[in-house]
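Novice: Next up, work17.cif (mmCIF, C-alpha atoms).
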```
data_entry
loop_
_atom_site.label_atom_id
_atom_site.label_comp_id
_atom_site.auth_asym_id
_atom_site.auth_seq_id
_atom_site.Cartn_x
_atom_site.Cartn_y
_atom_site.Cartn_z
CA MET A 1 52.24 136.31 86.63
CA HIS A 2 49.19 138.59 86.39
CA ASP A 3 45.67 137.30 87.01
CA VAL A 4 44.22 139.15 84.03
CA ARG A 5 45.13 138.90 80.39
CA PRO A 6 47.00 141.80 78.87
CA VAL A 7 45.07 144.14 76.60
CA LEU A 8 45.76 144.64 72.90
CA LEU A 9 44.85 148.19 71.91
CA LEU A 10 44.04 148.24 68.19
CA ASP A 11 44.17 151.12 65.78
CA VAL A 12 42.28 150.62 62.49
CA ASP A 13 43.95 152.84 59.88
CA GLY A 14 47.49 151.62 59.35
CA PRO A 15 47.52 148.25 61.15
CA LEU A 16 44.22 146.83 59.83
CA ASN A 17 43.61 149.16 56.88
CA PRO A 18 46.93 149.80 55.07
CA TYR A 19 45.70 153.16 53.81
CA ALA A 20 49.19 154.29 52.73
CA ALA A 21 49.65 151.45 50.23
CA LYS A 22 50.00 152.54 46.63
CA PRO A 23 46.62 153.73 45.31
CA LYS A 24 44.74 151.10 43.34
CA ARG A 25 47.29 148.44 44.46
CA ARG A 26 45.47 146.57 47.18
CA PRO A 27 47.93 144.50 49.24
CA ALA A 28 47.75 140.72 48.81
CA GLY A 29 45.15 139.08 51.05
CA TYR A 30 43.07 142.24 51.46
CA THR A 31 39.55 142.92 50.23
CA THR A 32 38.12 146.32 49.36
CA HIS A 33 35.19 147.73 51.30
CA ARG A 34 33.30 150.98 50.79
CA MET A 35 32.15 152.48 54.07
CA ARG A 36 30.29 155.47 55.42
CA PRO A 37 31.32 155.75 59.08
CA GLU A 38 30.34 158.76 61.14
CA GLY A 39 31.50 161.88 59.30
CA TRP A 40 31.25 160.14 55.89
CA ASP A 41 27.45 159.89 55.88
CA ASP A 42 27.00 162.89 53.58
CA PRO A 43 25.77 161.40 50.26
CA ARG A 44 27.84 164.02 48.39
CA LEU A 45 31.01 162.36 49.73
CA ARG A 46 32.34 159.25 48.07
CA PRO A 47 32.33 156.29 50.46
CA LEU A 48 35.61 155.71 52.22
CA ARG A 49 37.74 152.96 50.68
CA VAL A 50 39.00 150.55 53.34
CA TRP A 51 41.22 147.52 52.72
CA LEU A 52 40.84 144.70 55.25
CA ASN A 53 42.42 141.27 55.48
CA PRO A 54 39.78 138.74 56.62
CA GLY A 55 42.55 136.56 58.09
CA HIS A 56 43.35 139.25 60.65
CA GLY A 57 40.22 138.59 62.71
CA PRO A 58 41.02 134.95 63.55
CA ALA A 59 44.70 135.83 64.02
CA LEU A 60 43.82 138.59 66.49
CA LEU A 61 41.42 136.35 68.40
CA ALA A 62 44.15 133.71 68.71
CA LEU A 63 46.48 136.14 70.49
CA PRO A 64 46.70 136.01 74.31
CA TYR A 65 45.00 139.38 74.83
CA ASP A 66 41.69 141.05 75.51
CA LEU A 67 41.08 143.18 72.40
CA VAL A 68 40.09 146.85 72.67
CA TRP A 69 39.62 149.44 69.92
CA ALA A 70 42.02 152.38 70.27
CA THR A 71 41.08 154.20 67.10
CA THR A 72 39.48 157.41 65.89
CA TRP A 73 36.83 155.12 64.39
CA ARG A 74 35.64 154.75 67.99
CA HIS A 75 32.32 152.83 68.10
CA ASP A 76 32.17 152.78 64.29
CA ALA A 77 34.93 150.14 64.44
CA ASN A 78 32.35 147.72 65.87
CA THR A 79 29.86 148.59 63.12
CA TRP A 80 32.14 148.71 60.08
CA ILE A 81 35.38 146.84 60.85
CA ALA A 82 34.67 144.06 63.37
CA PRO A 83 32.00 142.22 61.31
CA ARG A 84 34.22 142.17 58.21
CA LEU A 85 37.07 140.63 60.20
CA GLY A 86 34.92 138.17 62.14
CA LEU A 87 35.54 139.96 65.43
CA PRO A 88 32.94 140.32 68.18
CA ARG A 89 31.94 143.75 69.45
CA LEU A 90 34.97 145.06 71.33
CA PRO A 91 35.30 147.65 74.07
CA VAL A 92 36.18 151.10 72.74
CA ILE A 93 38.43 153.75 74.19
CA ASP A 94 36.34 156.86 73.70
CA TRP A 95 38.59 159.89 73.90
CA GLY A 96 36.18 162.40 72.48
CA GLU A 97 37.37 164.40 69.52
CA PRO A 98 40.75 163.45 68.09
CA HIS A 99 43.56 165.97 68.26
CA SER A 100 46.53 166.68 66.07
CA ALA A 101 48.91 163.76 65.45
CA ALA A 102 51.58 165.06 67.83
CA ARG A 103 51.94 167.74 70.47
CA ASP A 104 54.86 170.14 70.70
CA ASP A 105 56.80 167.48 72.60
CA GLY A 106 56.28 164.91 69.82
CA VAL A 107 54.04 162.67 71.94
CA HIS A 108 51.05 161.38 69.99
CA TRP A 109 47.73 162.65 71.38
CA LYS A 110 46.55 159.06 72.05
CA THR A 111 49.52 158.23 74.29
CA ARG A 112 48.46 160.23 77.35
CA HIS A 113 44.92 158.86 77.08
CA LEU A 114 46.20 155.30 76.89
CA VAL A 115 48.37 155.68 79.99
CA GLU A 116 45.37 156.97 81.92
CA TRP A 117 43.01 154.34 80.50
CA ALA A 118 45.37 151.41 81.19
CA ALA A 119 45.87 152.47 84.82
CA GLY A 120 48.96 150.27 85.15
CA ARG A 121 47.50 147.25 83.32
CA VAL A 122 49.78 145.26 81.00
CA PHE A 123 49.05 146.18 77.38
CA ALA A 124 50.31 146.21 73.82
CA TRP A 125 49.38 149.07 71.52
CA VAL A 126 49.36 148.59 67.75
CA ASP A 127 49.37 151.83 65.74
CA ASP A 128 51.11 153.37 62.74
CA GLU A 129 51.92 156.67 64.45
CA ILE A 130 53.99 155.50 67.43
CA GLY A 131 57.36 157.20 67.80
CA GLU A 132 60.27 157.46 70.21
CA ALA A 133 58.61 160.31 72.15
CA ASP A 134 55.65 158.00 72.83
CA ARG A 135 57.96 155.22 74.05
CA ALA A 136 59.78 157.64 76.38
CA PHE A 137 56.49 159.04 77.73
CA MET A 138 55.14 155.53 78.32
CA ALA A 139 58.31 154.44 80.10
CA ALA A 140 58.12 157.48 82.38
CA HIS A 141 54.37 157.39 83.13
CA HIS A 142 53.06 153.81 82.85
CA PRO A 143 54.08 151.60 85.78
CA GLY A 144 53.29 148.27 84.10
CA PRO A 145 54.73 146.54 81.05
CA ALA A 146 53.66 148.07 77.74
CA LEU A 147 54.57 147.20 74.17
CA LEU A 148 54.25 150.04 71.70
CA HIS A 149 54.30 148.28 68.34
CA ARG A 150 54.45 150.45 65.24
CA VAL A 151 52.98 149.00 62.04
CA ASP A 152 53.87 150.32 58.59
CA PRO A 153 50.65 151.83 57.13
CA ARG A 154 51.75 150.81 53.63
CA VAL A 155 51.51 147.09 54.46
CA GLY A 156 49.42 146.68 57.64
CA LEU A 157 49.84 143.84 60.10
CA LEU A 158 52.16 141.11 58.81
CA PRO A 159 52.96 137.61 60.14
CA ASP A 160 56.06 138.98 61.91
CA ASP A 161 53.86 141.51 63.75
CA PHE A 162 51.58 138.70 64.94
CA ALA A 163 54.64 136.73 66.09
CA VAL A 164 55.90 139.68 68.16
CA LEU A 165 52.45 140.18 69.67
CA ALA A 166 52.09 136.47 70.49
CA ASP A 167 55.49 136.27 72.22
CA TRP A 168 55.51 139.57 74.09
CA PRO A 169 53.16 138.75 77.05
CA ARG A 170 55.42 135.86 78.12
CA GLU A 171 58.52 138.01 77.76
CA ALA A 172 56.88 140.85 79.71
CA GLY A 173 55.75 138.55 82.52
CA GLY A 174 52.05 139.04 81.73
CA ALA A 175 49.45 136.32 81.46
CA GLY A 176 49.44 134.38 78.24
#
```
Show the structure stored in the file as structure tokens.
Specialist:
Amino acid sequence: MHDVRPVLLLDVDGPLNPYAAKPKRRPAGYTTHRMRPEGWDDPRLRPLRVWLNPGHGPALLALPYDLVWATTWRHDANTWIAPRLGLPRLPVIDWGEPHSAARDDGVHWKTRHLVEWAAGRVFAWVDDEIGEADRAFMAAHHPGPALLHRVDPRVGLLPDDFAVLADWPREAGGAG
């Protein structure tokens, strides 16, 4: 058993904001927010529409993890997302400018950063862009247990996703 809790690396768009849901058909349980994060602060741009489920904050806090933002929202996640979900300010993985979704080898640009950032620590990563190439890369390069959990960006995090996340640390031999 590890002395430290595993980390839950959270993406915003997809898991928390089901951006790919049918336009104008907000999923049940979600509320609509208009936001101007960094890059959207030009008054000529319409505010960004974000759907958030206020029940996700308490559900995330109840999981046996230390929460960390792993999103292109970077520090804006603490300004715009966390307060609306009832989350405290969370640490942020700051990877500089985002890159294309996948490299020539199919590995998502976040994956290499997350392996380096985790430095062998037990973690779960929740994102809508995780694929088999990411799983293979993680298995080959991350020495500790890691759960790469893909969430459908049309529906966001569902009760089954929370159940998987709650059970995984025990199954992986991590704290929790």
Novice: Which residues are close to A:Thr31, i.e. within 7 Å by all atoms listed in the file, leaving aside same-chain residues fewer than 6 positions away? Reply as a list of chain:residue names.
Specialist: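 Residues near the query, excluding close chain neighbours: A:Trp51, A:Leu52, A:Asn53.
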Novice: Only C-alpha atoms, please: the residues just picked out, written as a PDB file, in the coordinates of the input.
Specialist:
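This is the output file again.pdb:
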```
ATOM      1  CA  TRP A  51      41.220 147.520  52.720  1.00  0.00           C
ATOM      2  CA  LEU A  52      40.840 144.700  55.250  1.00  0.00           C
ATOM      3  CA  ASN A  53      42.420 141.270  55.480  1.00  0.00           C
TER       4      ASN A  53
END
```
Novice: Counting only C-alpha atoms, what is within 10 Å of stretch 80-90 of chain A, bar same-chain residues fewer than 3 positions away, as a list of chain:residue names?
Specialist: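 The residues that qualify are A:Val12, A:Leu16, A:Asn17, A:Thr31, A:His33, A:Arg34, A:Met35, A:Arg36, A:Pro37, A:Val50, A:Leu52, A:Asn53, A:Pro54, A:Gly55, A:His56, A:Gly57, A:Pro58, A:Ala59, A:Leu60, A:Leu61, A:Asp66, A:Leu67, A:Val68, A:Trp69, A:Trp73, A:His75, A:Asp76, A:Ala77, A:Ile93.
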Novice: Run through the PyMOL selection byres ((chain A and resi 13) around 12) on the given coordinates and return the selected residues as a VMD selection string.
Specialist: chain A and resid 10 to 12 14 to 21 48 to 52 69 to 74 77 81 126 to 129 151 to 157
Novice: Pick the closest to A:Leu148 from A:Leu9, A:Val92, A:Pro64, A:Arg26: which is it, counting all atoms listed in the file?
Specialist: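 Selected residue with least distance to A:Leu148: A:Leu9.
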Novice: When you look at A:Val107 with a cut-off of 8 Å (counting only C-alpha atoms), what residues show up, excluding the ones that are within fewer than 6 positions of it in the same chain? I need them as a ChimeraX atom specification.
Specialist: /A:131,133-134,137
Novice: What is the atom CA of A:Ala136-atom CA of A:Ala163 distance in Å, reported with one decimal?
Specialist: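 Straight-line distance from atom CA of A:Ala136 to atom CA of A:Ala163 works out to 23.9 Å.
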Novice: Would you work out the distance separating atom CA of A:Thr32 from atom CA of A:Leu147, expressed in Å to one decimal?
Specialist: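 Between atom CA of A:Thr32 and atom CA of A:Leu147 the gap works out to 29.8 Å.
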